[in-house]
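Participant: What follows is start.txt, compact mmCIF, C-alpha atoms.
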# COMPACT_ATOMS: atom_id res chain seq x y z
CA MET A 1 45.84 -8.66 24.08
CA ASN A 2 47.39 -11.08 26.59
CA LEU A 3 49.40 -13.76 24.77
CA ARG A 4 49.53 -16.00 27.86
CA LEU A 5 45.72 -15.90 28.07
CA LEU A 6 45.40 -17.05 24.46
CA ILE A 7 47.88 -19.89 24.98
CA LEU A 8 45.81 -20.99 27.99
CA MET A 9 42.68 -20.90 25.82
CA LEU A 10 44.40 -23.08 23.21
CA LEU A 11 45.39 -25.62 25.86
CA VAL A 12 41.83 -25.71 27.14
CA SER A 13 40.61 -26.24 23.58
CA LEU A 14 42.82 -29.32 23.27
CA ASN A 15 41.20 -30.79 26.37
CA LEU A 16 37.80 -29.97 24.97
CA ASP A 17 38.78 -31.65 21.74
CA SER A 18 38.35 -35.11 23.25
CA PHE A 19 34.71 -34.19 23.85
CA ALA A 20 34.09 -31.61 21.16
CA GLN A 21 35.59 -33.63 18.34
CA ALA A 22 32.11 -34.89 17.86
CA ASP A 23 32.36 -32.04 15.39
CA SER A 24 30.32 -33.89 12.79
CA LEU A 25 26.60 -33.24 12.77
CA LYS A 26 24.93 -36.21 11.08
CA LEU A 27 21.86 -35.41 9.00
CA GLY A 28 20.64 -38.55 7.26
CA ASP A 29 23.51 -39.91 5.18
CA LYS A 30 25.30 -36.56 5.05
CA TYR A 31 27.04 -34.61 7.75
CA TRP A 32 28.29 -31.08 8.23
CA GLU A 33 31.58 -30.32 9.94
CA ASP A 34 30.89 -26.77 11.05
CA GLN A 35 33.80 -25.70 13.17
CA LEU A 36 35.21 -23.08 15.46
CA TYR A 37 38.85 -22.29 14.80
CA MET A 38 41.67 -20.78 16.83
CA SER A 39 45.12 -20.01 15.48
CA ILE A 40 48.42 -18.59 16.66
CA SER A 41 51.23 -17.73 14.28
CA TYR A 42 54.64 -16.14 13.88
CA ASP A 43 54.46 -13.28 11.37
CA ILE A 44 56.96 -11.63 9.05
CA MET A 45 56.82 -8.72 6.64
CA ARG A 46 58.16 -9.62 3.23
CA SER A 47 58.84 -7.42 0.18
CA GLN A 48 60.10 -4.69 2.47
CA PRO A 49 61.86 -1.61 1.06
CA GLN A 50 65.63 -1.85 0.75
CA GLY A 51 67.24 -1.35 4.14
CA ALA A 52 64.14 -2.25 6.17
CA GLU A 53 64.14 -5.28 8.45
CA THR A 54 61.77 -6.95 10.87
CA SER A 55 63.16 -5.79 14.18
CA GLY A 56 61.61 -8.22 16.66
CA PHE A 57 59.08 -10.92 17.43
CA SER A 58 55.73 -10.48 15.64
CA TYR A 59 52.66 -12.65 16.06
CA SER A 60 48.96 -12.94 15.30
CA LEU A 61 45.93 -14.57 16.91
CA SER A 62 42.64 -15.54 15.24
CA VAL A 63 39.31 -17.01 16.33
CA GLY A 64 36.20 -17.63 14.28
CA TYR A 65 33.55 -19.93 12.88
CA ILE A 66 33.41 -21.78 9.55
CA LYS A 67 30.23 -23.11 7.93
CA ASP A 68 30.79 -26.42 6.16
CA ILE A 69 29.14 -27.12 2.77
CA PRO A 70 29.73 -30.78 1.71
CA PHE A 71 30.10 -31.70 -1.95
CA THR A 72 29.90 -35.47 -1.49
CA LYS A 73 27.69 -37.88 0.42
CA GLN A 74 30.69 -39.08 2.42
CA GLY A 75 31.61 -35.51 3.38
CA ASP A 76 35.28 -35.92 2.40
CA PHE A 77 35.16 -32.93 0.04
CA SER A 78 33.50 -29.67 0.98
CA ALA A 79 33.68 -25.90 0.96
CA GLY A 80 33.93 -23.69 4.02
CA ILE A 81 32.83 -20.09 4.48
CA GLY A 82 33.67 -18.34 7.71
CA LEU A 83 33.70 -15.24 9.83
CA GLY A 84 36.31 -14.41 12.44
CA TYR A 85 38.41 -11.91 14.33
CA GLY A 86 42.17 -11.45 14.03
CA TYR A 87 44.76 -9.55 16.07
CA ASN A 88 48.27 -8.76 14.80
CA SER A 89 51.25 -7.32 16.67
CA PHE A 90 54.23 -6.39 14.48
CA ASN A 91 57.66 -5.20 15.47
CA HIS A 92 58.89 -3.52 12.32
CA ASP A 93 61.35 -1.03 10.85
CA LEU A 94 59.11 1.49 9.07
CA GLN A 95 58.38 4.76 10.84
CA LEU A 96 55.44 7.11 10.30
CA THR A 97 56.38 10.77 10.51
CA ASP A 98 52.76 11.82 9.98
CA GLU A 99 49.54 10.06 8.94
CA SER A 100 50.55 9.83 5.27
CA THR A 101 54.37 9.74 5.28
CA ILE A 102 56.55 6.71 5.97
CA GLN A 103 60.32 6.31 6.23
CA LEU A 104 62.95 3.84 7.41
CA GLY A 105 63.19 3.80 11.19
CA SER A 106 65.50 6.48 12.58
CA ASP A 107 66.39 7.31 16.19
CA ILE A 108 63.73 4.94 17.55
CA SER A 109 63.69 1.95 19.90
CA THR A 110 60.40 0.06 20.04
CA ASN A 111 58.31 0.33 16.88
CA LYS A 112 55.00 -1.50 16.86
CA LEU A 113 52.01 -1.90 14.59
CA ARG A 114 48.85 -3.36 16.14
CA LEU A 115 45.89 -4.47 14.02
CA HIS A 116 42.34 -5.59 14.74
CA ASN A 117 40.70 -7.26 11.74
CA ILE A 118 37.51 -8.97 10.68
CA GLU A 119 38.33 -12.15 8.72
CA PHE A 120 36.39 -13.91 5.98
CA PRO A 121 37.97 -17.32 5.20
CA ILE A 122 36.78 -19.18 2.09
CA GLN A 123 38.10 -22.74 1.79
CA LEU A 124 38.10 -25.93 -0.24
CA ARG A 125 38.36 -28.84 2.20
CA TRP A 126 39.51 -32.45 1.98
CA ARG A 127 39.54 -34.85 4.94
CA THR A 128 39.40 -38.54 5.79
CA SER A 129 36.57 -38.15 8.30
CA ASP A 130 33.00 -39.38 8.31
CA ALA A 131 30.03 -38.90 10.65
CA VAL A 132 31.52 -41.16 13.34
CA THR A 133 35.30 -40.65 12.87
CA TYR A 134 36.60 -37.79 14.95
CA SER A 135 40.37 -37.97 14.42
CA PHE A 136 41.40 -37.70 10.79
CA TRP A 137 43.74 -36.17 8.23
CA ARG A 138 42.74 -32.88 6.69
CA VAL A 139 43.96 -30.37 4.10
CA TYR A 140 42.09 -27.07 3.87
CA ALA A 141 43.15 -24.44 1.32
CA GLY A 142 41.65 -21.19 0.16
CA VAL A 143 41.68 -17.44 0.53
CA LYS A 144 41.16 -15.15 3.49
CA LEU A 145 39.74 -11.67 3.08
CA ASN A 146 40.51 -9.14 5.81
CA TYR A 147 38.89 -5.85 6.73
CA ASN A 148 40.83 -3.70 9.17
CA LEU A 149 38.78 -2.36 12.08
CA SER A 150 41.65 -0.39 13.61
CA ASN A 151 45.38 0.10 13.22
CA LYS A 152 47.80 1.75 15.63
CA PHE A 153 51.42 2.70 14.96
CA SER A 154 53.59 3.55 17.97
CA TYR A 155 57.29 4.04 18.52
CA GLN A 156 59.62 5.53 21.11
CA LEU A 157 62.29 8.10 20.30
CA ASN A 158 65.77 7.35 21.59
CA SER A 159 66.61 11.03 22.04
CA ASN A 160 63.98 11.87 24.66
CA ASN A 161 62.02 8.62 25.26
CA GLN A 162 58.92 10.29 23.84
CA THR A 163 56.25 7.91 22.54
CA ILE A 164 54.68 8.83 19.19
CA GLU A 165 51.37 7.24 18.16
CA PHE A 166 49.18 7.31 15.05
CA SER A 167 45.82 5.53 14.80
CA ASN A 168 43.67 4.55 11.80
CA VAL A 169 45.95 6.25 9.30
CA PRO A 170 44.79 6.65 5.67
CA ILE A 171 48.07 5.21 4.37
CA PHE A 172 47.11 1.76 5.73
CA ASN A 173 45.33 -0.62 3.32
CA LYS A 174 42.11 -1.56 5.14
CA PHE A 175 41.10 -4.30 2.64
CA GLN A 176 43.62 -7.12 2.29
CA SER A 177 43.59 -10.70 1.08
CA GLY A 178 45.86 -13.73 1.06
CA LEU A 179 46.15 -17.44 0.40
CA GLU A 180 45.93 -19.81 3.36
CA LEU A 181 46.65 -23.48 3.94
CA SER A 182 46.07 -25.72 6.96
CA ALA A 183 46.98 -29.39 7.14
CA GLY A 184 47.36 -31.99 9.85
CA TYR A 185 45.84 -34.81 11.86
CA GLY A 186 43.42 -34.44 14.77
CA ALA A 187 43.67 -31.26 16.81
CA PHE A 188 47.12 -30.08 15.70
CA ASN A 189 47.30 -28.52 12.26
CA PHE A 190 50.03 -26.56 10.52
CA TYR A 191 48.87 -23.16 9.27
CA MET A 192 50.28 -20.77 6.67
CA TYR A 193 49.00 -17.46 5.32
CA TYR A 194 50.59 -15.73 2.31
CA GLY A 195 49.41 -12.15 1.92
CA LEU A 196 48.65 -10.94 -1.60
CA SER A 197 47.77 -7.33 -0.78
CA PRO A 198 50.27 -4.67 0.29
CA VAL A 199 49.97 -3.41 3.86
CA TYR A 200 50.28 0.23 2.74
CA LYS A 201 48.71 2.11 -0.15
CA ASN A 202 50.25 4.94 -2.16
CA ALA A 203 53.36 4.83 0.04
CA THR A 204 56.91 5.41 -1.18
CA ILE A 205 60.37 5.72 0.38
CA ASN A 206 63.01 7.53 -1.70
CA GLY A 207 60.86 6.99 -4.77
CA GLU A 208 60.48 3.23 -4.12
CA THR A 209 56.95 1.90 -3.68
CA VAL A 210 56.41 0.29 -0.28
CA SER A 211 55.03 -3.17 -1.13
CA SER A 212 55.25 -4.84 2.29
CA LYS A 213 53.07 -7.95 2.61
CA ILE A 214 52.31 -10.30 5.50
CA THR A 215 53.31 -13.97 5.78
CA LYS A 216 52.29 -16.16 8.74
CA PHE A 217 53.42 -19.59 9.98
CA GLY A 218 51.81 -21.29 12.93
CA LEU A 219 49.23 -23.71 14.31
CA ILE A 220 45.45 -23.78 13.92
CA PHE A 221 43.00 -25.76 16.05
CA TYR A 222 39.52 -26.82 14.94
CA LEU A 223 36.74 -27.69 17.36
CA LEU A 224 32.98 -27.44 17.75
Transcribe the structure of this file into structure tokens.

Facilitator:
Amino acid sequence: MNLRLLILMLLVSLNLDSFAQADSLKLGDKYWEDQLYMSISYDIMRSQPQGAETSGFSYSLSVGYIKDIPFTKQGDFSAGIGLGYGYNSFNHDLQLTDESTIQLGSDISTNKLRLHNIEFPIQLRWRTSDAVTYSFWRVYAGVKLNYNLSNKFSYQLNSNNQTIEFSNVPIFNKFQSGLELSAGYGAFNFYMYYGLSPVYKNATINGETVSSKITKFGLIFYLL
């Protein structure tokens, strides 16, 4: 996944926003604000085992579509149900020695975890828009369900520069969920995701359960 390509796509989306912010489809006195979304965020692993640290820059990218279901005639309150794709790249400090055993990183340099997920956002939405107002305040909050399509762990040994890789390991928790919040005005919106599910299942280090969870901070862009 090319990060520069995604940043270019986000910049293009901002230019499109001046045209595509006619993101309200008026149907009689009601309107639907069905939207495409694109997000980029800085990610951290929290609740790590003692001695483990995030060892470098980690990020995630998401794109998808959300169906708007208005609760009021004015459209200021609604629900949103969506479907999307997410990519995560983590630099981390936990090392797989086989497909079901994890330990603190030892004698390694780069240590990456790459994820490809299907996302299912479910939101409650408040905004100051109407069928003819295209720049407005918004606060969207809800949950995001994630199903992992693939996961790949890779690291390089310092001793001989050998690269070790594991893919789609059973120790990884394929079903995860978290709380999410986006808020802002117009195209630029702050985004936060707070993972509720552990990244690993049935994993321990020195008798301590590995309860690592994902937190994200970034920007999300809505357009149609």

Participant: Do you know which residues lie at most 12 Å from (63.9, 2.3, -3.8), with coordinates as in the file and all atoms listed in the file counted, and could you write them as a ChimeraX atom specification?

Facilitator: /A:47-52,103-104,203-211

Participant: Set the distance at 8 Å and use all atoms listed in the file: which residues neighbour region 176-186 of chain A once local chain neighbours fewer than 5 positions away are removed? I'd like the list as a list in words.

Facilitator: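 Residues meeting the cut-off are Tyr134, Ser135, Phe136, Trp137, Arg138, Val139, Tyr140, Ala141, Gly142, Val143, Lys144, Leu145, Asn146, Tyr147, Tyr191, Met192, Tyr193, Tyr194, Gly195, Leu196, Ser197, Pro198, Val199 and Ile220 of chain A.
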
Participant: One decimal, in Å: what's the spacing between CA of Asp76 (chain A) and CA of Arg125 (chain A)?

Facilitator: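 Result for CA of Asp76 (chain A) versus CA of Arg125 (chain A): 7.7 Å, one decimal.
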
Participant: In Å, with one decimal, what is the gap from CA of Thr163 (chain A) to CA of Ser100 (chain A)?

Facilitator: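 Straight-line distance from CA of Thr163 (chain A) to CA of Ser100 (chain A) works out to 18.3 Å.
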
Participant: Looking at only C-alpha atoms, which of A:Gly75, A:Ile102, A:Phe221, A:Arg114 is the one that sits closest to Ser41 (chain A)?

Facilitator: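 For Ser41 (chain A), the nearest of the candidates is A:Phe221.
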
Participant: Take CA of Gly56 (chain A) and CA of Thr97 (chain A) and report the distance between them in Å, one decimal.

Facilitator: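 Taking CA of Gly56 (chain A) and CA of Thr97 (chain A), their separation equals 20.6 Å.
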
Participant: Name the residues within 8 Å of (34.6, -10.6, 15.3), counting all atoms listed in the file in the file's coordinates, and put them as a PyMOL selection string.

Facilitator: chain A and resi 64+83-86+117-119

Participant: Write the residues of the preceding selection, restricted to C-alpha atoms, as a tab-separated table (two decimals), in the frame of the given file.

Facilitator:
chain	number	residue	atom	x	y	z
A	64	GLY	CA	36.20	-17.63	14.28
A	83	LEU	CA	33.70	-15.24	9.83
A	84	GLY	CA	36.31	-14.41	12.44
A	85	TYR	CA	38.41	-11.91	14.33
A	86	GLY	CA	42.17	-11.45	14.03
A	117	ASN	CA	40.70	-7.26	11.74
A	118	ILE	CA	37.51	-8.97	10.68
A	119	GLU	CA	38.33	-12.15	8.72

Participant: Between A:Arg127, A:Gln95, A:Tyr42, A:Phe120, which is the closest to Tyr65 (chain A) once you count all atoms listed in the file?

Facilitator: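 Of A:Arg127, A:Gln95, A:Tyr42, A:Phe120, the one nearest Tyr65 (chain A) is A:Phe120, counting all atoms listed in the file.
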
Participant: Using only C-alpha atoms, find the one residue out of A:Lys174, A:Lys73, A:His116, A:Lys216 that sits nearest to Ser39 (chain A).

Facilitator: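 Nearest candidate to Ser39 (chain A) out of A:Lys174, A:Lys73, A:His116, A:Lys216: A:Lys216.
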
Participant: Tell me which of A:Met38, A:Leu149, A:Ile81, A:Leu61 sits closest to Phe172 (chain A), counting only C-alpha atoms.

Facilitator: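 Smallest distance to Phe172 (chain A) is found for A:Leu149.
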